[in-house]
file target_28.txt (compact mmCIF, C-alpha atoms and all ligand atoms)
# COMPACT_ATOMS: atom_id res chain seq x y z
CA MET A 17 52.21 24.63 25.27
CA SER A 18 49.18 22.63 26.29
CA LYS A 19 49.71 18.92 26.03
CA ASN A 20 46.27 18.45 24.61
CA SER A 21 46.34 21.15 21.93
CA THR A 22 45.39 18.42 19.43
CA PRO A 23 43.41 15.46 20.75
CA GLY A 24 45.54 12.36 20.84
CA ARG A 25 48.82 14.26 20.45
CA PHE A 26 51.39 14.64 23.18
CA GLY A 27 53.79 17.13 21.65
CA ALA A 28 55.17 15.34 18.59
CA HIS A 29 53.99 11.96 19.85
CA GLY A 30 50.80 9.91 19.67
CA GLY A 31 48.43 10.22 16.72
CA GLN A 32 46.63 7.58 14.69
CA TYR A 33 49.01 5.84 12.27
CA ILE A 34 46.66 3.07 11.26
CA PRO A 35 45.18 1.53 8.12
CA GLU A 36 42.01 3.17 6.83
CA THR A 37 40.06 0.02 7.70
CA LEU A 38 40.67 0.66 11.39
CA MET A 39 39.66 4.33 11.38
CA ASN A 40 35.96 3.63 11.90
CA ALA A 41 36.71 1.54 14.96
CA VAL A 42 38.84 4.18 16.69
CA ILE A 43 36.41 6.97 15.76
CA GLU A 44 33.50 4.98 17.22
CA LEU A 45 35.55 4.31 20.36
CA GLU A 46 36.53 7.95 20.80
CA LYS A 47 32.91 9.09 20.41
CA ALA A 48 31.74 6.62 23.02
CA TYR A 49 34.53 7.59 25.39
CA VAL A 50 33.72 11.30 25.11
CA ARG A 51 30.05 10.46 25.69
CA PHE A 52 30.64 8.30 28.81
CA LYS A 53 33.79 9.56 30.52
CA ASP A 54 32.00 12.26 32.52
CA ASP A 55 28.66 10.46 32.66
CA PRO A 56 27.66 10.15 36.34
CA GLY A 57 25.97 6.75 35.81
CA PHE A 58 29.01 5.29 34.07
CA ASN A 59 31.36 6.57 36.75
CA GLU A 60 29.16 5.31 39.55
CA GLU A 61 29.14 1.83 38.01
CA LEU A 62 32.89 1.88 37.46
CA THR A 63 33.58 3.08 41.00
CA ALA A 64 31.38 0.28 42.35
CA LEU A 65 33.39 -2.27 40.33
CA PHE A 66 36.68 -0.73 41.50
CA ASN A 67 35.66 -0.76 45.14
CA GLU A 68 33.49 -3.85 45.55
CA TYR A 69 35.14 -6.13 43.00
CA ALA A 70 38.75 -5.02 42.58
CA GLY A 71 39.23 -4.01 46.22
CA ARG A 72 40.00 -0.30 45.80
CA PRO A 73 41.15 2.01 47.14
CA SER A 74 44.50 0.23 47.39
CA ARG A 75 46.53 1.01 50.52
CA LEU A 76 49.29 3.60 50.72
CA TYR A 77 51.60 1.77 53.11
CA TYR A 78 54.39 3.44 55.08
CA ALA A 79 57.38 1.13 54.67
CA GLY A 80 58.90 1.88 58.06
CA LYS A 81 61.50 -0.88 58.08
CA MET A 82 62.76 -0.08 54.60
CA THR A 83 62.89 3.63 55.49
CA LYS A 84 64.90 2.93 58.63
CA ASP A 85 67.21 0.50 56.88
CA LEU A 86 68.02 2.86 53.99
CA GLY A 87 68.40 5.77 56.39
CA GLY A 88 67.09 8.57 54.15
CA ALA A 89 63.76 9.63 52.68
CA LYS A 90 60.48 8.32 54.07
CA ILE A 91 59.16 5.58 51.79
CA TYR A 92 55.54 4.80 51.04
CA LEU A 93 54.34 1.92 48.85
CA LYS A 94 51.20 2.25 46.73
CA ARG A 95 49.86 -1.30 46.96
CA GLU A 96 48.38 -2.08 43.52
CA ASP A 97 49.54 -5.66 44.21
CA LEU A 98 46.55 -6.00 46.54
CA ASN A 99 44.01 -5.54 43.72
CA HIS A 100 41.93 -8.46 42.45
CA THR A 101 44.03 -10.44 39.90
CA GLY A 102 47.16 -9.06 41.55
CA SER A 103 48.09 -5.91 39.67
CA HIS A 104 47.03 -2.49 38.39
CA LYS A 105 45.85 -4.04 35.09
CA ILE A 106 42.34 -4.61 36.44
CA ASN A 107 41.77 -0.80 36.62
CA ASN A 108 42.10 -0.39 32.87
CA VAL A 109 40.30 -3.60 32.00
CA LEU A 110 37.20 -2.92 34.10
CA GLY A 111 36.99 0.58 32.59
CA GLN A 112 37.29 -0.62 28.99
CA ALA A 113 35.00 -3.62 29.47
CA LEU A 114 32.28 -1.42 30.95
CA LEU A 115 32.71 1.10 28.14
CA ALA A 116 32.51 -1.68 25.54
CA LYS A 117 29.33 -2.97 27.16
CA LYS A 118 27.78 0.53 26.97
CA MET A 119 28.73 0.59 23.27
CA GLY A 120 26.72 -2.60 22.78
CA LYS A 121 29.78 -4.81 22.19
CA THR A 122 29.49 -8.43 23.27
CA ARG A 123 33.05 -9.58 22.63
CA LEU A 124 36.44 -8.50 24.00
CA ILE A 125 39.74 -9.23 22.33
CA ALA A 126 43.12 -8.56 23.93
CA GLU A 127 46.84 -9.07 23.43
CA THR A 128 48.99 -10.43 26.20
CA GLY A 129 52.71 -11.00 26.76
CA ALA A 130 53.26 -12.63 30.12
CA GLY A 131 49.55 -13.28 30.40
CA GLN A 132 48.72 -10.74 33.10
CA HIS A 133 46.60 -8.49 30.87
CA GLY A 134 44.99 -11.52 29.25
CA VAL A 135 43.99 -12.87 32.65
CA ALA A 136 42.61 -9.48 33.72
CA THR A 137 40.60 -9.18 30.48
CA ALA A 138 39.27 -12.74 30.81
CA THR A 139 38.26 -11.89 34.37
CA ALA A 140 36.29 -8.79 33.34
CA ALA A 141 34.70 -10.70 30.47
CA ALA A 142 33.54 -13.44 32.85
CA LEU A 143 32.09 -10.88 35.23
CA LEU A 144 30.33 -8.84 32.54
CA ASP A 145 29.14 -11.83 30.49
CA MET A 146 31.21 -11.12 27.42
CA GLU A 147 32.99 -13.42 25.02
CA CYS A 148 36.77 -13.15 25.27
CA VAL A 149 39.57 -13.99 22.84
CA VAL A 150 43.20 -13.42 23.82
CA PHE A 151 46.11 -13.28 21.35
CA MET A 152 49.39 -14.48 22.75
CA GLY A 153 52.74 -15.13 21.07
CA GLU A 154 53.31 -18.85 20.77
CA GLU A 155 56.65 -18.49 22.59
CA ASP A 156 54.84 -16.81 25.47
CA THR A 157 52.13 -19.50 25.65
CA LYS A 158 54.92 -21.99 26.36
CA ARG A 159 56.72 -19.78 28.89
CA GLN A 160 53.48 -18.81 30.65
CA ALA A 161 51.47 -22.02 30.58
CA LEU A 162 49.88 -21.31 33.96
CA ASN A 163 48.37 -18.04 32.75
CA VAL A 164 47.08 -19.76 29.60
CA TYR A 165 45.30 -22.20 31.89
CA ARG A 166 43.91 -19.32 34.00
CA MET A 167 42.47 -17.57 30.94
CA ARG A 168 40.82 -20.79 29.74
CA LEU A 169 39.48 -21.44 33.22
CA LEU A 170 37.89 -17.98 33.12
CA GLY A 171 36.17 -18.88 29.86
CA ALA A 172 38.47 -17.18 27.35
CA THR A 173 39.86 -18.58 24.11
CA VAL A 174 43.63 -18.22 23.80
CA ILE A 175 45.01 -17.97 20.27
CA PRO A 176 48.77 -18.60 19.89
CA VAL A 177 50.37 -16.15 17.42
CA THR A 178 53.14 -17.63 15.27
CA THR A 179 54.13 -14.61 13.16
CA GLY A 180 57.35 -12.62 13.68
CA THR A 181 59.15 -13.46 16.90
CA ALA A 182 55.91 -15.02 18.27
CA THR A 183 55.96 -12.66 21.27
CA LEU A 184 54.06 -9.64 22.59
CA LYS A 185 54.53 -7.21 19.68
CA ASP A 186 53.20 -9.87 17.27
CA ALA A 187 50.22 -10.51 19.53
CA VAL A 188 49.40 -6.76 19.43
CA SER A 189 49.63 -6.75 15.63
CA GLU A 190 47.36 -9.80 15.40
CA ALA A 191 44.79 -8.26 17.75
CA PHE A 192 44.64 -5.14 15.54
CA ARG A 193 44.15 -7.39 12.48
CA GLU A 194 41.32 -9.25 14.20
CA TRP A 195 39.67 -5.97 15.22
CA THR A 196 39.75 -4.81 11.58
CA ARG A 197 38.01 -8.04 10.58
CA ARG A 198 35.31 -7.77 13.21
CA ILE A 199 34.42 -4.31 14.49
CA ASP A 200 30.65 -4.70 14.87
CA ASP A 201 30.49 -6.75 18.06
CA THR A 202 34.11 -6.54 19.20
CA HIS A 203 36.10 -4.17 21.37
CA TYR A 204 39.89 -4.37 21.44
CA CYS A 205 40.83 -4.06 25.11
CA LEU A 206 44.39 -2.74 24.78
CA GLY A 207 46.62 -3.37 27.77
CA SER A 208 48.74 -0.23 28.17
CA VAL A 209 48.97 3.48 27.32
CA MET A 210 49.97 2.80 23.74
CA GLY A 211 48.54 2.26 20.29
CA PRO A 212 46.56 4.83 18.29
CA HIS A 213 44.48 7.60 19.86
CA PRO A 214 42.21 7.29 21.86
CA PHE A 215 43.86 4.33 23.66
CA PRO A 216 46.73 6.20 25.37
CA THR A 217 44.22 8.68 26.81
CA ILE A 218 41.55 6.14 27.76
CA VAL A 219 43.98 3.79 29.50
CA ARG A 220 45.67 6.71 31.31
CA ASP A 221 42.34 8.02 32.56
CA PHE A 222 41.34 4.62 33.97
CA GLN A 223 44.78 4.17 35.61
CA ALA A 224 44.79 7.75 36.96
CA VAL A 225 42.78 6.41 39.90
CA ILE A 226 46.24 5.45 41.29
CA SER A 227 47.54 9.03 41.59
CA ARG A 228 44.14 10.37 42.63
CA GLU A 229 44.25 7.99 45.59
CA ILE A 230 47.96 8.59 46.35
CA LYS A 231 47.36 12.33 46.54
CA GLN A 232 44.42 12.01 48.89
CA GLN A 233 46.15 9.36 51.05
CA ILE A 234 49.47 11.21 51.39
CA LEU A 235 47.70 14.46 52.28
CA GLU A 236 45.82 12.57 55.00
CA LYS A 237 48.97 10.90 56.33
CA GLU A 238 51.58 13.62 55.88
CA GLY A 239 49.66 16.82 55.18
CA ARG A 240 51.79 17.48 52.11
CA LEU A 241 52.71 16.22 48.66
CA PRO A 242 55.50 13.67 48.17
CA ASP A 243 58.90 14.76 46.82
CA ALA A 244 59.07 11.91 44.32
CA VAL A 245 56.73 9.35 42.78
CA MET A 246 58.31 6.40 41.03
CA ALA A 247 56.99 3.44 39.08
CA CYS A 248 58.21 0.88 36.56
CA VAL A 249 57.61 1.49 32.85
CA GLY A 250 56.72 -1.15 30.29
CA GLY A 251 54.18 0.42 27.94
CA GLY A 252 53.74 2.90 30.76
CA SER A 253 50.25 2.47 32.23
CA ASN A 254 50.95 2.01 35.94
CA SER A 255 53.52 4.81 35.82
CA ILE A 256 51.34 7.33 33.98
CA GLY A 257 48.52 6.38 36.35
CA SER A 258 50.84 7.10 39.27
CA PHE A 259 52.10 10.38 37.79
CA TYR A 260 48.96 11.88 36.28
CA HIS A 261 47.50 13.93 39.14
CA PHE A 262 51.00 15.20 40.05
CA ILE A 263 51.99 16.47 36.60
CA GLU A 264 50.91 20.03 37.50
CA ASP A 265 52.68 19.84 40.89
CA GLU A 266 56.17 20.88 39.79
CA SER A 267 57.71 20.10 43.21
CA VAL A 268 56.99 16.38 42.77
CA ARG A 269 59.69 14.50 40.85
CA LEU A 270 58.22 11.87 38.54
CA ILE A 271 60.57 8.95 37.90
CA GLY A 272 59.91 6.10 35.47
CA CYS A 273 62.07 2.99 35.83
CA GLU A 274 62.77 1.12 32.61
CA ALA A 275 64.02 -2.43 32.22
CA ALA A 276 67.70 -2.31 31.25
CA GLY A 277 67.89 -6.12 31.11
CA ARG A 278 71.58 -7.07 30.99
CA GLY A 279 72.53 -3.39 30.56
CA THR A 280 71.86 -0.47 28.20
CA ASP A 281 75.28 -1.08 26.60
CA THR A 282 74.15 -4.56 25.50
CA PHE A 283 71.57 -5.69 22.93
CA GLU A 284 69.69 -7.49 25.69
CA THR A 285 67.74 -4.53 26.99
CA ALA A 286 64.22 -3.08 26.89
CA ALA A 287 65.09 0.47 28.04
CA THR A 288 63.29 2.50 25.37
CA ILE A 289 64.10 6.02 26.55
CA ALA A 290 67.74 5.15 27.19
CA THR A 291 68.36 3.33 23.90
CA GLY A 292 65.41 3.97 21.57
CA ARG A 293 64.72 6.46 18.79
CA LEU A 294 61.68 8.27 17.43
CA GLY A 295 59.56 6.04 15.24
CA ILE A 296 56.07 4.92 14.29
CA PHE A 297 54.75 1.51 15.31
CA HIS A 298 51.46 0.04 16.51
CA GLY A 299 49.56 3.14 15.45
CA MET A 300 51.55 5.76 17.36
CA LYS A 301 54.55 8.04 17.08
CA SER A 302 56.85 7.59 20.06
CA TYR A 303 60.25 6.21 21.04
CA PHE A 304 61.07 2.62 20.09
CA CYS A 305 64.02 0.26 20.33
CA GLN A 306 65.17 -0.11 16.71
CA ASP A 307 67.94 -1.74 14.75
CA GLU A 308 70.19 0.09 12.27
CA TYR A 309 67.49 -0.18 9.58
CA GLY A 310 64.77 1.29 11.79
CA GLN A 311 63.13 -2.10 12.28
CA ILE A 312 61.75 -2.82 15.75
CA ALA A 313 64.55 -4.46 17.70
CA PRO A 314 64.08 -7.62 19.74
CA VAL A 315 64.03 -6.60 23.40
CA TYR A 316 64.93 -8.47 26.54
CA SER A 317 64.24 -8.16 30.26
CA ILE A 318 63.95 -10.71 33.06
CA SER A 319 60.52 -9.14 33.54
CA ALA A 320 58.00 -10.33 30.95
CA GLY A 321 55.77 -7.32 31.70
CA LEU A 322 58.45 -4.79 30.78
CA ASP A 323 59.87 -6.23 27.57
CA TYR A 324 57.86 -4.14 25.11
CA PRO A 325 60.02 -2.33 22.50
CA GLY A 326 58.21 1.02 22.87
CA ILE A 327 56.84 3.48 25.40
CA GLY A 328 53.50 5.29 25.50
CA PRO A 329 53.42 8.67 23.70
CA GLU A 330 52.62 10.71 26.81
CA HIS A 331 55.80 9.42 28.46
CA ALA A 332 57.77 10.31 25.33
CA TYR A 333 56.37 13.83 25.72
CA LEU A 334 57.09 14.02 29.47
CA HIS A 335 60.64 12.96 28.63
CA ASP A 336 61.00 15.60 25.88
CA THR A 337 59.79 18.38 28.20
CA GLY A 338 61.87 17.14 31.11
CA ARG A 339 58.81 16.90 33.38
CA ALA A 340 59.52 13.23 34.11
CA GLU A 341 62.85 11.40 34.41
CA TYR A 342 63.43 7.91 33.05
CA VAL A 343 66.14 5.69 34.46
CA PRO A 344 67.33 2.22 33.43
CA VAL A 345 67.42 -0.58 36.02
CA THR A 346 69.15 -3.91 35.29
CA ASP A 347 67.88 -7.47 35.88
CA GLU A 348 70.42 -7.91 38.67
CA GLU A 349 69.34 -4.71 40.45
CA ALA A 350 65.66 -5.67 40.13
CA VAL A 351 66.25 -9.18 41.46
CA CYS A 352 68.14 -7.75 44.48
CA ALA A 353 65.23 -5.36 45.14
CA PHE A 354 62.73 -8.25 44.76
CA GLU A 355 64.60 -10.15 47.48
CA TYR A 356 65.14 -7.03 49.61
CA LEU A 357 61.49 -5.97 49.79
CA SER A 358 60.43 -9.56 50.53
CA ARG A 359 62.83 -9.81 53.49
CA THR A 360 62.47 -6.27 54.77
CA GLU A 361 58.74 -5.63 54.57
CA GLY A 362 57.30 -9.09 53.97
CA ILE A 363 55.98 -7.93 50.59
CA ILE A 364 56.93 -9.93 47.48
CA PRO A 365 56.65 -7.43 44.61
CA ALA A 366 56.21 -8.29 40.93
CA ILE A 367 59.63 -8.33 39.27
CA GLU A 368 58.33 -5.40 37.17
CA SER A 369 57.63 -3.33 40.30
CA ALA A 370 61.00 -4.38 41.75
CA HIS A 371 62.63 -2.16 39.10
CA ALA A 372 61.09 0.87 40.83
CA VAL A 373 62.03 -0.45 44.27
CA ALA A 374 65.63 -0.84 43.05
CA HIS A 375 65.84 2.79 42.00
CA ALA A 376 64.36 3.97 45.30
CA MET A 377 67.08 1.96 47.08
CA LYS A 378 69.65 3.95 45.09
CA ILE A 379 68.34 7.44 45.77
CA ALA A 380 66.59 7.25 49.17
CA PRO A 381 69.77 6.98 51.33
CA SER A 382 71.13 10.34 50.14
CA MET A 383 67.83 12.18 50.62
CA ASP A 384 66.93 14.05 53.83
CA PRO A 385 64.69 12.17 56.29
CA ASP A 386 61.98 14.82 55.85
CA LYS A 387 61.64 13.94 52.14
CA ILE A 388 58.93 11.56 50.97
CA ILE A 389 59.08 8.97 48.19
CA VAL A 390 56.08 7.02 46.89
CA ILE A 391 56.82 3.80 44.99
CA THR A 392 54.02 2.13 43.08
CA ILE A 393 54.05 -1.63 43.60
CA SER A 394 52.26 -2.43 40.34
CA GLY A 395 51.72 -6.11 41.12
CA ARG A 396 52.49 -9.04 43.36
CA GLY A 397 55.41 -11.35 42.82
CA ASP A 398 54.03 -14.86 43.28
CA LYS A 399 54.08 -15.29 39.49
CA ASP A 400 57.82 -14.55 39.42
CA CYS A 401 59.12 -16.84 42.16
CA ALA A 402 60.08 -19.73 39.86
CA ALA A 403 61.92 -17.42 37.43
CA ILE A 404 63.83 -15.62 40.18
CA ALA A 405 64.80 -18.93 41.79
CA ARG A 406 66.08 -20.03 38.37
CA TYR A 407 68.01 -16.77 38.02
CA ARG A 408 69.70 -17.61 41.31
CA GLY A 409 70.52 -21.11 40.08
CA GLU A 410 67.80 -22.95 41.95
CA ASP A 411 65.30 -25.07 40.04
CA ILE A 412 61.85 -25.23 41.62
CA SER A 413 58.84 -26.61 39.81
CA GLU A 414 55.67 -24.50 39.77
C1 LIG A 501 51.95 -5.45 32.75
C2 LIG A 501 52.65 -5.05 33.98
C3 LIG A 501 53.53 -3.95 34.00
C4 LIG A 501 53.91 -3.17 32.78
O1 LIG A 501 52.90 -2.46 32.15
P1 LIG A 501 52.71 -0.89 32.24
O2 LIG A 501 51.70 -0.60 31.21
O3 LIG A 501 54.02 -0.23 31.98
O4 LIG A 501 52.23 -0.59 33.62
C5 LIG A 501 54.10 -3.59 35.22
N1 LIG A 501 53.84 -4.29 36.35
C6 LIG A 501 53.00 -5.35 36.37
C7 LIG A 501 52.76 -6.06 37.65
C8 LIG A 501 52.38 -5.76 35.19
O5 LIG A 501 51.56 -6.82 35.20
call {"tool": "encode", "arguments": {"input": "target_28.txt", "output": "structure tokens", "more": "lines below"}}
Ligand SMILES: *Cc1c(COP(=O)(O)O)cnc(C)c1O
result
Amino acid sequence: MSKNSTPGRFGAHGGQYIPETLMNAVIELEKAYVRFKDDPGFNEELTALFNEYAGRPSRLYYAGKMTKDLGGAKIYLKREDLNHTGSHKINNVLGQALLAKKMGKTRLIAETGAGQHGVATATAAALLDMECVVFMGEEDTKRQALNVYRMRLLGATVIPVTTGTATLKDAVSEAFREWTRRIDDTHYCLGSVMGPHPFPTIVRDFQAVISREIKQQILEKEGRLPDAVMACVGGGSNSIGSFYHFIEDESVRLIGCEAAGRGTDTFETAATIATGRLGIFHGMKSYFCQDEYGQIAPVYSISAGLDYPGIGPEHAYLHDTGRAEYVPVTDEEAVCAFEYLSRTEGIIPAIESAHAVAHAMKIAPSMDPDKIIVITISGRGDKDCAAIARYRGEDISE
């Protein structure tokens, strides 16, 4: 079965479950994307932004000390933390902002949880001379005051959202509402591989630069494909970007690491594949964390970037077919990996990325030394230092 037999469907997942008032916007976006995605001029401009502005290609670093210490598979780190603004998010944002500009839009709106996607969007808007409005749950604006300041510094307006639990899912809903109100000059720059078609496909394609580079870099360094590629999964954009060009290579294990929070046997978790059920939310059919009534459940993780109650539809499909594996990783395991990578390699990973590092620490020791693992380090961990110190009982002010 081809995964693209119907555009925007990944097996049973994906689709466009949206109010009629939003249909015109997604149809216009899909048309523009089809028109520009293979356009040489568009791709040249985007590649120039990736390379000159964002600092691509990001390095594929052989983590020799970690490899030696764990005593098993050879470990490589895909260094998305070295990108401008400190994570993989800039890949998607530059792509969408450039596309919006080609469509004649002058205004970008975005949702943000921890503030990372909001900062990336505000950055692209500053660079491309576009107006920028970011919706952020009021709770999150308090927890992430520094990122609110960054967005304002970059020229964006930050609107606190007070509906629902005043967190990420409410910010997404509010951004969709705003887009409905103002389609003419506005593009909704969605932050992960979720939402209605064509977003999961567009965001994946812009993030697929990660696996395109990994493949080329590992062939140069090792002359063969890796045995496993692993990445953390929130909505799923850095992981699908890391997997995409390996999906057809059956010998490569694809492993997504979800945030288990305090454990998948507790209510304080964000592990969607481990604990969620099929549902429809934010315009797509996929797996979601739900309560007994089918309402979206509150989710929890120490990592603000991973506590979304759903997963992108392509991941849901890769899970159904067994092509990718999804494993839960707890707060405690992620914090240990955060500390371990800092000490061992001198690289402080984002606490999100540390979930993938933690899983590699579990499986690498029992793998043969001729096996190769690639871990995507989706972002840098400076932003997390205060929270991790607090987790360890130390209070440092930012
Ligand atoms: C936002 C974020 C994530 C989670 O988003 P995905 O769409 O699952 O990639 C992971 N890591 C970092 C550093 C982030 O900022």
call {"tool": "residues_near_ligand", "arguments": {"input": "target_28.txt", "ligand": "ligand LIG 501 (chain A)", "cutoff": "8 Å", "atoms": "all atoms listed in the file", "output": "PyMOL selection string"}}
result
chain A and resi 97+102-105+130+132-133+207-209+248-256+320-322+366-369+393-397
call {"tool": "write_last_selection", "arguments": {"input": "target_28.txt", "atoms": "C-alpha atoms", "output": "PDB file, in the coordinates of the input"}}
result
ATOM      1  CA  ASP A  97      49.540  -5.660  44.210  1.00  0.00           C
ATOM      2  CA  GLY A 102      47.160  -9.060  41.550  1.00  0.00           C
ATOM      3  CA  SER A 103      48.090  -5.910  39.670  1.00  0.00           C
ATOM      4  CA  HIS A 104      47.030  -2.490  38.390  1.00  0.00           C
ATOM      5  CA  LYS A 105      45.850  -4.040  35.090  1.00  0.00           C
ATOM      6  CA  ALA A 130      53.260 -12.630  30.120  1.00  0.00           C
ATOM      7  CA  GLN A 132      48.720 -10.740  33.100  1.00  0.00           C
ATOM      8  CA  HIS A 133      46.600  -8.490  30.870  1.00  0.00           C
ATOM      9  CA  GLY A 207      46.620  -3.370  27.770  1.00  0.00           C
ATOM     10  CA  SER A 208      48.740  -0.230  28.170  1.00  0.00           C
ATOM     11  CA  VAL A 209      48.970   3.480  27.320  1.00  0.00           C
ATOM     12  CA  CYS A 248      58.210   0.880  36.560  1.00  0.00           C
ATOM     13  CA  VAL A 249      57.610   1.490  32.850  1.00  0.00           C
ATOM     14  CA  GLY A 250      56.720  -1.150  30.290  1.00  0.00           C
ATOM     15  CA  GLY A 251      54.180   0.420  27.940  1.00  0.00           C
ATOM     16  CA  GLY A 252      53.740   2.900  30.760  1.00  0.00           C
ATOM     17  CA  SER A 253      50.250   2.470  32.230  1.00  0.00           C
ATOM     18  CA  ASN A 254      50.950   2.010  35.940  1.00  0.00           C
ATOM     19  CA  SER A 255      53.520   4.810  35.820  1.00  0.00           C
ATOM     20  CA  ILE A 256      51.340   7.330  33.980  1.00  0.00           C
ATOM     21  CA  ALA A 320      58.000 -10.330  30.950  1.00  0.00           C
ATOM     22  CA  GLY A 321      55.770  -7.320  31.700  1.00  0.00           C
ATOM     23  CA  LEU A 322      58.450  -4.790  30.780  1.00  0.00           C
ATOM     24  CA  ALA A 366      56.210  -8.290  40.930  1.00  0.00           C
ATOM     25  CA  ILE A 367      59.630  -8.330  39.270  1.00  0.00           C
ATOM     26  CA  GLU A 368      58.330  -5.400  37.170  1.00  0.00           C
ATOM     27  CA  SER A 369      57.630  -3.330  40.300  1.00  0.00           C
ATOM     28  CA  ILE A 393      54.050  -1.630  43.600  1.00  0.00           C
ATOM     29  CA  SER A 394      52.260  -2.430  40.340  1.00  0.00           C
ATOM     30  CA  GLY A 395      51.720  -6.110  41.120  1.00  0.00           C
ATOM     31  CA  ARG A 396      52.490  -9.040  43.360  1.00  0.00           C
ATOM     32  CA  GLY A 397      55.410 -11.350  42.820  1.00  0.00           C
TER      33      GLY A 397
END
call {"tool": "closest_residue", "arguments": {"input": "target_28.txt", "among": "A:Ser74, A:Asn107, A:Thr178, A:Thr83", "to": "A:Leu62", "atoms": "only C-alpha atoms"}}
result
A:Asn107
call {"tool": "residues_around", "arguments": {"input": "target_28.txt", "residues": "stretch 49-55 of chain A", "least_positions_apart": "2", "cutoff": "9 Å", "atoms": "all atoms listed in the file", "output": "list of chain:residue names"}}
result
A:Glu44, A:Leu45, A:Glu46, A:Lys47, A:Gly57, A:Phe58, A:Asn59, A:Glu60, A:Leu115, A:Lys118, A:Pro214, A:Ile218, A:Asp221
call {"tool": "closest_residue", "arguments": {"input": "target_28.txt", "among": "A:Gly409, A:Gly27, A:Pro329, A:Gly171", "to": "A:Thr139", "atoms": "all atoms listed in the file"}}
result
A:Gly171
call {"tool": "residues_near_point", "arguments": {"input": "target_28.txt", "point": "(36.7, -10.6, 21.3)", "cutoff": "9 Å", "atoms": "all atoms listed in the file", "output": "compact mmCIF listing (two decimals) with C-alpha atoms, in the frame of the given file"}}
result
# COMPACT_ATOMS: atom_id res chain seq x y z
CA THR A 122 29.49 -8.43 23.27
CA ARG A 123 33.05 -9.58 22.63
CA LEU A 124 36.44 -8.50 24.00
CA ILE A 125 39.74 -9.23 22.33
CA ALA A 126 43.12 -8.56 23.93
CA MET A 146 31.21 -11.12 27.42
CA GLU A 147 32.99 -13.42 25.02
CA CYS A 148 36.77 -13.15 25.27
CA VAL A 149 39.57 -13.99 22.84
CA VAL A 150 43.20 -13.42 23.82
CA GLU A 194 41.32 -9.25 14.20
CA TRP A 195 39.67 -5.97 15.22
CA ARG A 198 35.31 -7.77 13.21
CA ASP A 201 30.49 -6.75 18.06
CA THR A 202 34.11 -6.54 19.20
CA HIS A 203 36.10 -4.17 21.37
CA TYR A 204 39.89 -4.37 21.44
CA CYS A 205 40.83 -4.06 25.11
call {"tool": "closest_residue", "arguments": {"input": "target_28.txt", "among": "A:Ile404, A:Val268, A:Ile389, A:Val188", "to": "A:Tyr324", "atoms": "all atoms listed in the file"}}
result
A:Val188
call {"tool": "residues_around", "arguments": {"input": "target_28.txt", "residues": "A:Leu110", "least_positions_apart": "3", "cutoff": "10 Å", "atoms": "only C-alpha atoms", "output": "CSV table (one decimal) with C-alpha atoms, in the coordinates of the input"}}
result
chain,number,residue,atom,x,y,z
A,62,LEU,CA,32.9,1.9,37.5
A,63,THR,CA,33.6,3.1,41.0
A,65,LEU,CA,33.4,-2.3,40.3
A,66,PHE,CA,36.7,-0.7,41.5
A,69,TYR,CA,35.1,-6.1,43.0
A,70,ALA,CA,38.8,-5.0,42.6
A,105,LYS,CA,45.8,-4.0,35.1
A,106,ILE,CA,42.3,-4.6,36.4
A,107,ASN,CA,41.8,-0.8,36.6
A,113,ALA,CA,35.0,-3.6,29.5
A,114,LEU,CA,32.3,-1.4,31.0
A,115,LEU,CA,32.7,1.1,28.1
A,116,ALA,CA,32.5,-1.7,25.5
A,136,ALA,CA,42.6,-9.5,33.7
A,137,THR,CA,40.6,-9.2,30.5
A,139,THR,CA,38.3,-11.9,34.4
A,140,ALA,CA,36.3,-8.8,33.3
A,141,ALA,CA,34.7,-10.7,30.5
A,143,LEU,CA,32.1,-10.9,35.2
A,144,LEU,CA,30.3,-8.8,32.5
A,205,CYS,CA,40.8,-4.1,25.1
A,222,PHE,CA,41.3,4.6,34.0
call {"tool": "build_atoms", "arguments": {"input": "target_28.txt", "residues": "stretch 166-172 of chain A", "atoms": "N, CA and C atoms", "output": "short mmCIF file (atom, residue, chain, number, x, y, z; two decimals), in the frame of the given file"}}
result
data_model
loop_
_atom_site.label_atom_id
_atom_site.label_comp_id
_atom_site.auth_asym_id
_atom_site.auth_seq_id
_atom_site.Cartn_x
_atom_site.Cartn_y
_atom_site.Cartn_z
N ARG A 166 44.80 -20.25 33.28
CA ARG A 166 43.91 -19.32 34.00
C ARG A 166 42.89 -18.69 33.05
N MET A 167 43.38 -18.23 31.89
CA MET A 167 42.47 -17.57 30.94
C MET A 167 41.39 -18.53 30.47
N ARG A 168 41.79 -19.79 30.19
CA ARG A 168 40.82 -20.79 29.74
C ARG A 168 39.82 -21.10 30.84
N LEU A 169 40.34 -21.18 32.07
CA LEU A 169 39.48 -21.44 33.22
C LEU A 169 38.41 -20.34 33.35
N LEU A 170 38.81 -19.12 33.02
CA LEU A 170 37.89 -17.98 33.12
C LEU A 170 36.95 -17.89 31.92
N GLY A 171 37.10 -18.82 30.99
CA GLY A 171 36.17 -18.88 29.86
C GLY A 171 36.68 -18.26 28.57
N ALA A 172 37.94 -17.83 28.55
CA ALA A 172 38.47 -17.18 27.35
C ALA A 172 39.07 -18.19 26.38
#
